[in-house]
Amino acid sequence: MNFLFVHNNFPAQFRFVAEHLAGDARNRVVAIGAAGSRELPGVQLARYFFDDLGRASVHPFARRFDREARRAEQVLYVLNSLDNIAFIPDVVVGHSGWGETLPLRAKYPNAHFVAYCEYFYRGRGGDVHFDPEFPALGVDGLTHLRAKNASQLIALADCDAGLSPTPWQRSTYPQEFQGKIAIAHEGVDTIAVRPNPSATFRLPTGSMLNAGAEVLTYMARNLEPMRGIHVFLRALPEVMRRRPNAHVVVVGGHDVSYGSSSPDGRSWKDVFFSEIESYIDPRRVHFLGVVSYADYLTLLQVSRVHVYLTYPFTLSWSLIEAMSTGCLIIASDTAPLHDAITHGQNGLLVPFFDIDRLAGAISECLSRPEAGLSLRQAARATAVNRFDRRQALSAQLRVMLPARK
């Protein structure tokens, strides 16, 4: 069969399933992605180039869709180029969030079209208006927010099936479309991502951290409010007061992945760290920025306590990978976490805004590592039994392979 994957950051969520399909000599697998997409063995990757220059003349409500339409145009150019190699897909899988899916049904009317449905924006029950520390949207802002879903709605109307990674993420979509969306997480490689009691990590200072040491970790793609960096940092003075030998390792960039930049232009990390800097020992807090995947996994393996916080938004791979390495997870008691963590069974949940309870839970777990052993083991078991790439693959293929007639 011929398979086409479309994702601006390919392989992203499609990595394991694309690798699997490409490993079968009977299949021909092609992917389309933006300039930063990465190649996979056996997958023919075609890149498009998109300069987001903006259009001041476009109405603010329509600017996102204008960008998505121009991105879709670049994708269409690549689709047309596939005619030159006589490639007509039987199955098309595309992420619905950036407009790339707009031309897919028109170009391939007979293909089995699967839309990846990651998150649907809404004015309540999600990330918007969750955090009272930040300004609420007015009617114009809410109108703009609703317009952000335009290309997703077109994809849902066009597709034969949708695919969401978790039950809560599917629940963000309009009720009338949810029956069309299956649940299948992309999975993690729980064989490669596993505990290692011999793990060691060298800090930039030259100091070594060993598995079993008093290490607190926090990781996010970028350090920003959406992933609770402000809550985490504000808990540190009390944690470090109670645990004078603990080291805190923070991984993540200083840009913005979600939401807006800070009002004064500083990184959110600098904004919130400036609040607590005079109340902690900065020699025990290590901001590593963006690290290699190997270093990231090693840090999870040496962590005694790992904190994961998020607004009601997409569930990060890092949480599942932390579970797979057997971390003791302390996470926010927000809706996305309920699809992975059961409080007291495979991790601990604390209210997102309760800094005192977060600090108390971290301090207690750092002080009694033996008490968290059952939580660590259960977290690892959850990752293996519910999120392993092999099990996830079966669920994805059931959606992607059309029923035989």
# chains A, B, ... in the order shown; residues from 1 in each chain; ligands from 1

$ residues_around --residues "segment 292-309 of chain A" --least-positions-apart "2" --cutoff "9 Å" --atoms "only C-alpha atoms" --output "count of residues only"
51

$ closest_residue --among "A:Leu145, A:Val239, A:Leu156, A:Leu373" --to "Gly126 of chain A" --atoms "only C-alpha atoms"
A:Leu145

$ residues_around --residues "segment 173-177 of chain A" --least-positions-apart "3" --cutoff "8 Å" --atoms "only C-alpha atoms" --output "list in words"
Tyr119, Phe120, Leu156, Gln169, Arg170, Lys180 and Ile181 of chain A

$ closest_residue --among "A:Glu364, A:Glu186, A:Asp24, A:Asp264" --to "Ala395 of chain A" --atoms "only C-alpha atoms"
A:Glu186

$ residues_around --residues "Ile355 of chain A" --least-positions-apart "2" --cutoff "10 Å" --atoms "only C-alpha atoms" --output "ChimeraX atom specification"
/A:230-236,238,350-353,357-361

$ closest_residue --among "A:Val75, A:Leu104, A:Ala62, A:His20" --to "Arg146 of chain A" --atoms "only C-alpha atoms"
A:Ala62

$ closest_residue --among "A:Arg284, A:Arg266, A:His129, A:His185" --to "His247 of chain A" --atoms "only C-alpha atoms"
A:Arg284

$ atom_distance --atom1 "atom CA of Pro282 of chain A" --atom2 "atom CA of Val248 of chain A"
9.6 Å

$ atom_distance --atom1 "atom CA of Arg398 of chain A" --atom2 "atom CA of Leu163 of chain A"
10.6 Å

$ closest_residue --among "A:Pro165, A:Leu142, A:Tyr258, A:Leu288" --to "Phe14 of chain A" --atoms "only C-alpha atoms"
A:Pro165

$ closest_residue --among "A:Arg38, A:Lys148, A:Arg26, A:Lys269" --to "Ser96 of chain A" --atoms "only C-alpha atoms"
A:Lys148

$ atom_distance --atom1 "atom CA of Gly99 of chain A" --atom2 "atom CA of Thr314 of chain A"
18.8 Å

$ select_by_dssp --residues "segment 160-377 of chain A" --states "alpha helix (DSSP H)" --output "mmCIF file with N, CA, C and O atoms, in the first residue's frame"
data_model
loop_
_atom_site.group_PDB
_atom_site.id
_atom_site.type_symbol
_atom_site.label_atom_id
_atom_site.label_comp_id
_atom_site.auth_asym_id
_atom_site.auth_seq_id
_atom_site.Cartn_x
_atom_site.Cartn_y
_atom_site.Cartn_z
ATOM 1 N N PRO A 167 -8.096 10.274 25.877
ATOM 2 C CA PRO A 167 -9.531 10.545 25.967
ATOM 3 C C PRO A 167 -9.845 12.015 26.226
ATOM 4 O O PRO A 167 -10.780 12.565 25.632
ATOM 5 N N TRP A 168 -9.076 12.662 27.121
ATOM 6 C CA TRP A 168 -9.403 14.058 27.403
ATOM 7 C C TRP A 168 -9.161 14.938 26.183
ATOM 8 O O TRP A 168 -9.966 15.839 25.902
ATOM 9 N N GLN A 169 -8.101 14.705 25.454
ATOM 10 C CA GLN A 169 -7.845 15.525 24.269
ATOM 11 C C GLN A 169 -8.960 15.351 23.240
ATOM 12 O O GLN A 169 -9.387 16.322 22.614
ATOM 13 N N ARG A 170 -9.467 14.140 23.087
ATOM 14 C CA ARG A 170 -10.622 13.962 22.201
ATOM 15 C C ARG A 170 -11.827 14.739 22.727
ATOM 16 O O ARG A 170 -12.595 15.302 21.945
ATOM 17 N N SER A 171 -11.999 14.795 24.045
ATOM 18 C CA SER A 171 -13.168 15.449 24.617
ATOM 19 C C SER A 171 -13.203 16.950 24.361
ATOM 20 O O SER A 171 -14.248 17.581 24.537
ATOM 21 N N GLN A 175 -18.923 17.751 20.321
ATOM 22 C CA GLN A 175 -19.553 16.460 20.556
ATOM 23 C C GLN A 175 -19.942 15.765 19.254
ATOM 24 O O GLN A 175 -19.810 14.549 19.120
ATOM 25 N N GLU A 176 -20.393 16.557 18.294
ATOM 26 C CA GLU A 176 -20.860 15.943 17.041
ATOM 27 C C GLU A 176 -19.740 15.297 16.233
ATOM 28 O O GLU A 176 -20.024 14.514 15.313
ATOM 29 N N PHE A 177 -18.491 15.588 16.554
ATOM 30 C CA PHE A 177 -17.369 14.973 15.835
ATOM 31 C C PHE A 177 -16.673 13.877 16.636
ATOM 32 O O PHE A 177 -15.878 13.122 16.075
ATOM 33 N N GLN A 178 -16.924 13.801 17.935
ATOM 34 C CA GLN A 178 -16.145 12.880 18.765
ATOM 35 C C GLN A 178 -16.320 11.423 18.361
ATOM 36 O O GLN A 178 -15.395 10.620 18.491
ATOM 37 N N ILE A 229 5.721 26.629 34.992
ATOM 38 C CA ILE A 229 7.033 27.013 35.495
ATOM 39 C C ILE A 229 6.926 27.986 36.663
ATOM 40 O O ILE A 229 7.728 27.938 37.604
ATOM 41 N N HIS A 230 5.911 28.865 36.646
ATOM 42 C CA HIS A 230 5.760 29.826 37.732
ATOM 43 C C HIS A 230 5.406 29.128 39.045
ATOM 44 O O HIS A 230 5.923 29.480 40.107
ATOM 45 N N VAL A 231 4.562 28.119 38.985
ATOM 46 C CA VAL A 231 4.179 27.381 40.181
ATOM 47 C C VAL A 231 5.370 26.592 40.714
ATOM 48 O O VAL A 231 5.652 26.591 41.928
ATOM 49 N N PHE A 232 6.085 25.927 39.822
ATOM 50 C CA PHE A 232 7.237 25.136 40.243
ATOM 51 C C PHE A 232 8.299 26.003 40.914
ATOM 52 O O PHE A 232 8.784 25.676 42.008
ATOM 53 N N LEU A 233 8.661 27.112 40.269
ATOM 54 C CA LEU A 233 9.717 27.960 40.839
ATOM 55 C C LEU A 233 9.294 28.549 42.178
ATOM 56 O O LEU A 233 10.117 28.663 43.106
ATOM 57 N N ARG A 234 8.041 28.917 42.312
ATOM 58 C CA ARG A 234 7.580 29.496 43.574
ATOM 59 C C ARG A 234 7.570 28.487 44.711
ATOM 60 O O ARG A 234 7.563 28.872 45.888
ATOM 61 N N ALA A 235 7.559 27.199 44.377
ATOM 62 C CA ALA A 235 7.626 26.170 45.421
ATOM 63 C C ALA A 235 9.053 25.920 45.894
ATOM 64 O O ALA A 235 9.263 25.341 46.974
ATOM 65 N N LEU A 236 10.046 26.342 45.120
ATOM 66 C CA LEU A 236 11.429 25.981 45.427
ATOM 67 C C LEU A 236 11.965 26.550 46.740
ATOM 68 O O LEU A 236 12.702 25.838 47.449
ATOM 69 N N PRO A 237 11.678 27.795 47.119
ATOM 70 C CA PRO A 237 12.254 28.262 48.386
ATOM 71 C C PRO A 237 11.923 27.360 49.576
ATOM 72 O O PRO A 237 12.806 27.044 50.384
ATOM 73 N N GLU A 238 10.670 26.911 49.669
ATOM 74 C CA GLU A 238 10.303 26.041 50.787
ATOM 75 C C GLU A 238 10.930 24.661 50.638
ATOM 76 O O GLU A 238 11.400 24.066 51.626
ATOM 77 N N VAL A 239 10.959 24.134 49.441
ATOM 78 C CA VAL A 239 11.588 22.831 49.220
ATOM 79 C C VAL A 239 13.058 22.872 49.597
ATOM 80 O O VAL A 239 13.566 21.985 50.313
ATOM 81 N N MET A 240 13.748 23.901 49.160
ATOM 82 C CA MET A 240 15.187 23.980 49.414
ATOM 83 C C MET A 240 15.486 24.299 50.880
ATOM 84 O O MET A 240 16.552 23.938 51.387
ATOM 85 N N ARG A 241 14.550 24.977 51.532
ATOM 86 C CA ARG A 241 14.715 25.196 52.980
ATOM 87 C C ARG A 241 14.614 23.874 53.727
ATOM 88 O O ARG A 241 15.416 23.586 54.622
ATOM 89 N N ARG A 242 13.628 23.055 53.347
ATOM 90 C CA ARG A 242 13.431 21.785 54.029
ATOM 91 C C ARG A 242 14.482 20.747 53.639
ATOM 92 O O ARG A 242 14.798 19.859 54.438
ATOM 93 N N TRP A 268 9.973 33.875 30.342
ATOM 94 C CA TRP A 268 9.164 33.583 31.525
ATOM 95 C C TRP A 268 10.032 33.016 32.639
ATOM 96 O O TRP A 268 9.785 33.283 33.824
ATOM 97 N N LYS A 269 11.075 32.280 32.290
ATOM 98 C CA LYS A 269 11.985 31.763 33.314
ATOM 99 C C LYS A 269 12.605 32.914 34.093
ATOM 100 O O LYS A 269 12.645 32.904 35.338
ATOM 101 N N ASP A 270 13.085 33.939 33.397
ATOM 102 C CA ASP A 270 13.703 35.067 34.088
ATOM 103 C C ASP A 270 12.683 35.848 34.915
ATOM 104 O O ASP A 270 12.991 36.317 36.013
ATOM 105 N N VAL A 271 11.474 35.985 34.392
ATOM 106 C CA VAL A 271 10.425 36.704 35.124
ATOM 107 C C VAL A 271 10.183 36.050 36.476
ATOM 108 O O VAL A 271 10.178 36.720 37.527
ATOM 109 N N PHE A 272 9.978 34.743 36.479
ATOM 110 C CA PHE A 272 9.590 34.076 37.718
ATOM 111 C C PHE A 272 10.784 33.726 38.598
ATOM 112 O O PHE A 272 10.662 33.726 39.827
ATOM 113 N N PHE A 273 11.941 33.464 37.992
ATOM 114 C CA PHE A 273 13.111 33.182 38.814
ATOM 115 C C PHE A 273 13.536 34.425 39.584
ATOM 116 O O PHE A 273 14.032 34.324 40.707
ATOM 117 N N SER A 274 13.302 35.598 39.007
ATOM 118 C CA SER A 274 13.658 36.834 39.714
ATOM 119 C C SER A 274 12.850 36.998 40.998
ATOM 120 O O SER A 274 13.302 37.668 41.933
ATOM 121 N N GLU A 275 11.681 36.373 41.071
ATOM 122 C CA GLU A 275 10.862 36.449 42.282
ATOM 123 C C GLU A 275 11.495 35.691 43.446
ATOM 124 O O GLU A 275 11.325 36.065 44.610
ATOM 125 N N ILE A 276 12.192 34.601 43.136
ATOM 126 C CA ILE A 276 12.651 33.695 44.197
ATOM 127 C C ILE A 276 14.160 33.670 44.367
ATOM 128 O O ILE A 276 14.662 33.070 45.320
ATOM 129 N N TYR A 293 18.731 14.297 23.676
ATOM 130 C CA TYR A 293 17.771 13.295 24.139
ATOM 131 C C TYR A 293 18.441 12.315 25.100
ATOM 132 O O TYR A 293 17.825 11.898 26.105
ATOM 133 N N ALA A 294 19.677 11.966 24.844
ATOM 134 C CA ALA A 294 20.389 11.040 25.728
ATOM 135 C C ALA A 294 20.549 11.639 27.126
ATOM 136 O O ALA A 294 20.340 10.952 28.143
ATOM 137 N N ASP A 295 20.920 12.919 27.200
ATOM 138 C CA ASP A 295 21.066 13.566 28.508
ATOM 139 C C ASP A 295 19.717 13.694 29.207
ATOM 140 O O ASP A 295 19.614 13.543 30.435
ATOM 141 N N TYR A 296 18.692 13.982 28.442
ATOM 142 C CA TYR A 296 17.338 14.086 28.988
ATOM 143 C C TYR A 296 16.934 12.775 29.660
ATOM 144 O O TYR A 296 16.434 12.760 30.795
ATOM 145 N N LEU A 297 17.155 11.649 28.977
ATOM 146 C CA LEU A 297 16.798 10.363 29.560
ATOM 147 C C LEU A 297 17.641 10.065 30.800
ATOM 148 O O LEU A 297 17.127 9.541 31.794
ATOM 149 N N THR A 298 18.914 10.396 30.747
ATOM 150 C CA THR A 298 19.770 10.147 31.908
ATOM 151 C C THR A 298 19.289 10.940 33.114
ATOM 152 O O THR A 298 19.272 10.440 34.243
ATOM 153 N N LEU A 299 18.878 12.169 32.896
ATOM 154 C CA LEU A 299 18.368 12.979 34.003
ATOM 155 C C LEU A 299 17.115 12.357 34.604
ATOM 156 O O LEU A 299 16.943 12.355 35.831
ATOM 157 N N LEU A 300 16.235 11.835 33.767
ATOM 158 C CA LEU A 300 15.057 11.147 34.301
ATOM 159 C C LEU A 300 15.474 9.934 35.124
ATOM 160 O O LEU A 300 14.866 9.624 36.163
ATOM 161 N N GLN A 301 16.514 9.252 34.695
ATOM 162 C CA GLN A 301 16.961 8.049 35.396
ATOM 163 C C GLN A 301 17.612 8.359 36.740
ATOM 164 O O GLN A 301 17.592 7.514 37.645
ATOM 165 N N VAL A 302 18.190 9.555 36.889
ATOM 166 C CA VAL A 302 18.801 9.910 38.179
ATOM 167 C C VAL A 302 17.840 10.654 39.090
ATOM 168 O O VAL A 302 18.133 10.870 40.272
ATOM 169 N N TRP A 317 4.812 14.182 25.940
ATOM 170 C CA TRP A 317 5.551 12.917 25.892
ATOM 171 C C TRP A 317 6.430 12.764 27.125
ATOM 172 O O TRP A 317 6.648 11.663 27.610
ATOM 173 N N SER A 318 6.961 13.882 27.610
ATOM 174 C CA SER A 318 7.917 13.799 28.715
ATOM 175 C C SER A 318 7.302 13.143 29.941
ATOM 176 O O SER A 318 8.008 12.473 30.709
ATOM 177 N N LEU A 319 6.002 13.335 30.166
ATOM 178 C CA LEU A 319 5.375 12.686 31.313
ATOM 179 C C LEU A 319 5.429 11.173 31.155
ATOM 180 O O LEU A 319 5.828 10.457 32.086
ATOM 181 N N ILE A 320 5.040 10.669 29.996
ATOM 182 C CA ILE A 320 5.026 9.219 29.788
ATOM 183 C C ILE A 320 6.443 8.660 29.832
ATOM 184 O O ILE A 320 6.685 7.570 30.366
ATOM 185 N N GLU A 321 7.405 9.388 29.289
ATOM 186 C CA GLU A 321 8.790 8.924 29.335
ATOM 187 C C GLU A 321 9.324 8.936 30.768
ATOM 188 O O GLU A 321 10.088 8.041 31.159
ATOM 189 N N ALA A 322 8.916 9.929 31.570
ATOM 190 C CA ALA A 322 9.312 9.938 32.982
ATOM 191 C C ALA A 322 8.726 8.730 33.704
ATOM 192 O O ALA A 322 9.399 8.090 34.531
ATOM 193 N N MET A 323 7.478 8.397 33.397
ATOM 194 C CA MET A 323 6.872 7.202 33.986
ATOM 195 C C MET A 323 7.612 5.946 33.546
ATOM 196 O O MET A 323 7.847 5.032 34.343
ATOM 197 N N SER A 324 8.005 5.907 32.274
ATOM 198 C CA SER A 324 8.680 4.729 31.740
ATOM 199 C C SER A 324 10.049 4.515 32.371
ATOM 200 O O SER A 324 10.515 3.378 32.481
ATOM 201 N N ILE A 355 0.763 26.033 45.844
ATOM 202 C CA ILE A 355 2.225 26.008 45.955
ATOM 203 C C ILE A 355 2.668 25.320 47.240
ATOM 204 O O ILE A 355 3.655 24.563 47.258
ATOM 205 N N ASP A 356 1.940 25.567 48.338
ATOM 206 C CA ASP A 356 2.325 24.964 49.614
ATOM 207 C C ASP A 356 2.209 23.439 49.558
ATOM 208 O O ASP A 356 3.094 22.724 50.051
ATOM 209 N N ARG A 357 1.129 22.934 48.980
ATOM 210 C CA ARG A 357 0.972 21.474 48.891
ATOM 211 C C ARG A 357 2.004 20.865 47.951
ATOM 212 O O ARG A 357 2.512 19.772 48.199
ATOM 213 N N LEU A 358 2.325 21.576 46.879
ATOM 214 C CA LEU A 358 3.359 21.084 45.972
ATOM 215 C C LEU A 358 4.695 21.004 46.692
ATOM 216 O O LEU A 358 5.394 19.979 46.618
ATOM 217 N N ALA A 359 5.045 22.068 47.398
ATOM 218 C CA ALA A 359 6.319 22.077 48.127
ATOM 219 C C ALA A 359 6.350 20.977 49.183
ATOM 220 O O ALA A 359 7.376 20.308 49.380
ATOM 221 N N GLY A 360 5.226 20.777 49.872
ATOM 222 C CA GLY A 360 5.171 19.741 50.894
ATOM 223 C C GLY A 360 5.317 18.347 50.306
ATOM 224 O O GLY A 360 6.038 17.492 50.856
ATOM 225 N N ALA A 361 4.642 18.090 49.192
ATOM 226 C CA ALA A 361 4.724 16.773 48.569
ATOM 227 C C ALA A 361 6.127 16.502 48.063
ATOM 228 O O ALA A 361 6.667 15.392 48.233
ATOM 229 N N ILE A 362 6.744 17.499 47.434
ATOM 230 C CA ILE A 362 8.113 17.320 46.936
ATOM 231 C C ILE A 362 9.059 17.027 48.094
ATOM 232 O O ILE A 362 9.869 16.086 48.038
ATOM 233 N N SER A 363 8.969 17.818 49.151
ATOM 234 C CA SER A 363 9.875 17.662 50.291
ATOM 235 C C SER A 363 9.719 16.300 50.938
ATOM 236 O O SER A 363 10.710 15.640 51.288
ATOM 237 N N GLU A 364 8.469 15.862 51.098
ATOM 238 C CA GLU A 364 8.225 14.558 51.713
ATOM 239 C C GLU A 364 8.806 13.433 50.863
ATOM 240 O O GLU A 364 9.441 12.504 51.382
ATOM 241 N N CYS A 365 8.609 13.499 49.572
ATOM 242 C CA CYS A 365 9.105 12.438 48.689
ATOM 243 C C CYS A 365 10.621 12.454 48.581
ATOM 244 O O CYS A 365 11.255 11.389 48.462
ATOM 245 N N LEU A 366 11.223 13.628 48.610
ATOM 246 C CA LEU A 366 12.682 13.704 48.600
ATOM 247 C C LEU A 366 13.271 13.104 49.879
ATOM 248 O O LEU A 366 14.337 12.468 49.858
ATOM 249 N N SER A 367 12.566 13.286 50.994
ATOM 250 C CA SER A 367 13.099 12.840 52.284
ATOM 251 C C SER A 367 12.933 11.348 52.506
ATOM 252 O O SER A 367 13.659 10.754 53.306
ATOM 253 N N LEU A 373 8.795 3.834 46.329
ATOM 254 C CA LEU A 373 9.169 2.736 45.442
ATOM 255 C C LEU A 373 7.956 2.142 44.727
ATOM 256 O O LEU A 373 8.002 1.878 43.522
ATOM 257 N N SER A 374 6.869 1.946 45.451
ATOM 258 C CA SER A 374 5.686 1.345 44.819
ATOM 259 C C SER A 374 5.100 2.271 43.764
ATOM 260 O O SER A 374 4.604 1.805 42.723
ATOM 261 N N LEU A 375 5.146 3.578 43.993
ATOM 262 C CA LEU A 375 4.658 4.528 42.998
ATOM 263 C C LEU A 375 5.534 4.490 41.748
ATOM 264 O O LEU A 375 5.030 4.551 40.622
ATOM 265 N N ARG A 376 6.824 4.387 41.938
ATOM 266 C CA ARG A 376 7.747 4.294 40.802
ATOM 267 C C ARG A 376 7.466 3.040 39.972
ATOM 268 O O ARG A 376 7.392 3.098 38.733
ATOM 269 N N GLN A 377 7.327 1.929 40.652
ATOM 270 C CA GLN A 377 7.088 0.674 39.947
ATOM 271 C C GLN A 377 5.760 0.707 39.203
ATOM 272 O O GLN A 377 5.656 0.216 38.073
#

$ residues_around --residues "Phe87 of chain A" --least-positions-apart "4" --cutoff "8 Å" --atoms "only C-alpha atoms" --output "list in words"
Asn2, Leu82 and Asp83 of chain A

$ write_last_selection --atoms "N, CA and C atoms" --output "short mmCIF file (atom, residue, chain, number, x, y, z; two decimals), in the first residue's frame"
data_model
loop_
_atom_site.label_atom_id
_atom_site.label_comp_id
_atom_site.auth_asym_id
_atom_site.auth_seq_id
_atom_site.Cartn_x
_atom_site.Cartn_y
_atom_site.Cartn_z
N ASN A 2 0.30 2.34 -0.43
CA ASN A 2 0.98 3.63 -0.42
C ASN A 2 0.44 4.47 0.74
N LEU A 82 4.50 15.02 -6.39
CA LEU A 82 4.47 13.57 -6.24
C LEU A 82 3.87 12.88 -7.47
N ASP A 83 3.14 13.64 -8.26
CA ASP A 83 2.63 13.06 -9.52
C ASP A 83 3.78 12.63 -10.43
#

$ select_by_dssp --residues "segment 42-162 of chain A" --states "strand (DSSP E or B)" --output "list in words"
Val43, Gln44, Leu45, Ala46, Arg47, Val91, Val92, Val93, Gly94, His95, His112, Phe113, Val114, Ala115, Tyr116, Ala161 and Gly162 of chain A

$ residues_around --residues "Ala31 of chain A" --least-positions-apart "6" --cutoff "8 Å" --atoms "only C-alpha atoms" --output "CSV table (one decimal) with all heavy atoms, in the first residue's frame"
chain,number,residue,atom,x,y,z
A,4,LEU,N,0.9,8.2,2.9
A,4,LEU,CA,1.4,9.6,2.9
A,4,LEU,C,1.1,10.2,4.3
A,4,LEU,O,0.0,10.2,4.8
A,4,LEU,CB,0.7,10.4,1.9
A,4,LEU,CG,1.0,11.9,1.9
A,4,LEU,CD1,2.5,12.1,1.5
A,4,LEU,CD2,0.1,12.7,0.9
A,5,PHE,N,2.2,10.7,4.9
A,5,PHE,CA,2.1,11.4,6.2
A,5,PHE,C,2.4,12.8,6.0
A,5,PHE,O,3.4,13.2,5.3
A,5,PHE,CB,3.1,10.8,7.2
A,5,PHE,CG,2.7,9.4,7.7
A,5,PHE,CD1,3.3,8.3,7.0
A,5,PHE,CD2,1.9,9.2,8.7
A,5,PHE,CE1,2.9,7.0,7.4
A,5,PHE,CE2,1.5,7.9,9.2
A,5,PHE,CZ,2.1,6.8,8.5
A,6,VAL,N,1.6,13.7,6.6
A,6,VAL,CA,1.8,15.2,6.4
A,6,VAL,C,1.8,15.8,7.8
A,6,VAL,O,0.9,15.7,8.6
A,6,VAL,CB,0.6,15.8,5.6
A,6,VAL,CG1,0.9,17.3,5.4
A,6,VAL,CG2,0.5,15.1,4.3
A,7,HIS,N,3.0,16.4,8.1
A,7,HIS,CA,3.2,17.0,9.5
A,7,HIS,C,4.3,17.9,9.4
A,7,HIS,O,5.4,17.6,8.9
A,7,HIS,CB,3.5,15.9,10.5
A,7,HIS,CG,3.4,16.3,11.9
A,7,HIS,ND1,4.1,17.4,12.4
A,7,HIS,CD2,2.7,15.8,13.0
A,7,HIS,CE1,3.8,17.6,13.7
A,7,HIS,NE2,3.0,16.6,14.1
A,10,PHE,N,7.5,16.6,10.9
A,10,PHE,CA,7.6,15.2,10.8
A,10,PHE,C,9.0,14.7,11.3
A,10,PHE,O,10.0,15.4,11.0
A,10,PHE,CB,7.5,14.8,9.3
A,10,PHE,CG,7.5,13.3,9.0
A,10,PHE,CD1,6.4,12.5,9.2
A,10,PHE,CD2,8.7,12.7,8.7
A,10,PHE,CE1,6.5,11.1,9.0
A,10,PHE,CE2,8.8,11.3,8.5
A,10,PHE,CZ,7.7,10.6,8.6
A,43,VAL,N,11.5,6.0,4.5
A,43,VAL,CA,10.4,7.0,4.3
A,43,VAL,C,11.0,8.1,3.3
A,43,VAL,O,12.0,8.7,3.6
A,43,VAL,CB,9.9,7.6,5.6
A,43,VAL,CG1,8.9,8.7,5.2
A,43,VAL,CG2,9.4,6.6,6.5
A,44,GLN,N,10.3,8.3,2.2
A,44,GLN,CA,10.8,9.4,1.3
A,44,GLN,C,10.2,10.7,1.8
A,44,GLN,O,9.0,10.9,1.8
A,44,GLN,CB,10.3,9.0,-0.1
A,44,GLN,CG,10.7,10.1,-1.2
A,44,GLN,CD,10.3,9.7,-2.6
A,44,GLN,OE1,10.0,8.5,-2.8
A,44,GLN,NE2,10.3,10.6,-3.5
A,45,LEU,N,11.0,11.6,2.2
A,45,LEU,CA,10.6,12.8,2.8
A,45,LEU,C,10.7,14.0,1.8
A,45,LEU,O,11.8,14.2,1.2
A,45,LEU,CB,11.5,13.2,4.0
A,45,LEU,CG,11.2,14.5,4.7
A,45,LEU,CD1,9.8,14.6,5.2
A,45,LEU,CD2,12.2,14.8,5.8
A,46,ALA,N,9.6,14.7,1.6
A,46,ALA,CA,9.6,15.9,0.7
A,46,ALA,C,9.3,17.1,1.6
A,46,ALA,O,8.3,17.1,2.3
A,46,ALA,CB,8.5,15.7,-0.3

$ residues_around --residues "segment 159-161 of chain A" --least-positions-apart "6" --cutoff "8 Å" --atoms "only C-alpha atoms" --output "ChimeraX atom specification"
/A:105,112-115,180-182,399
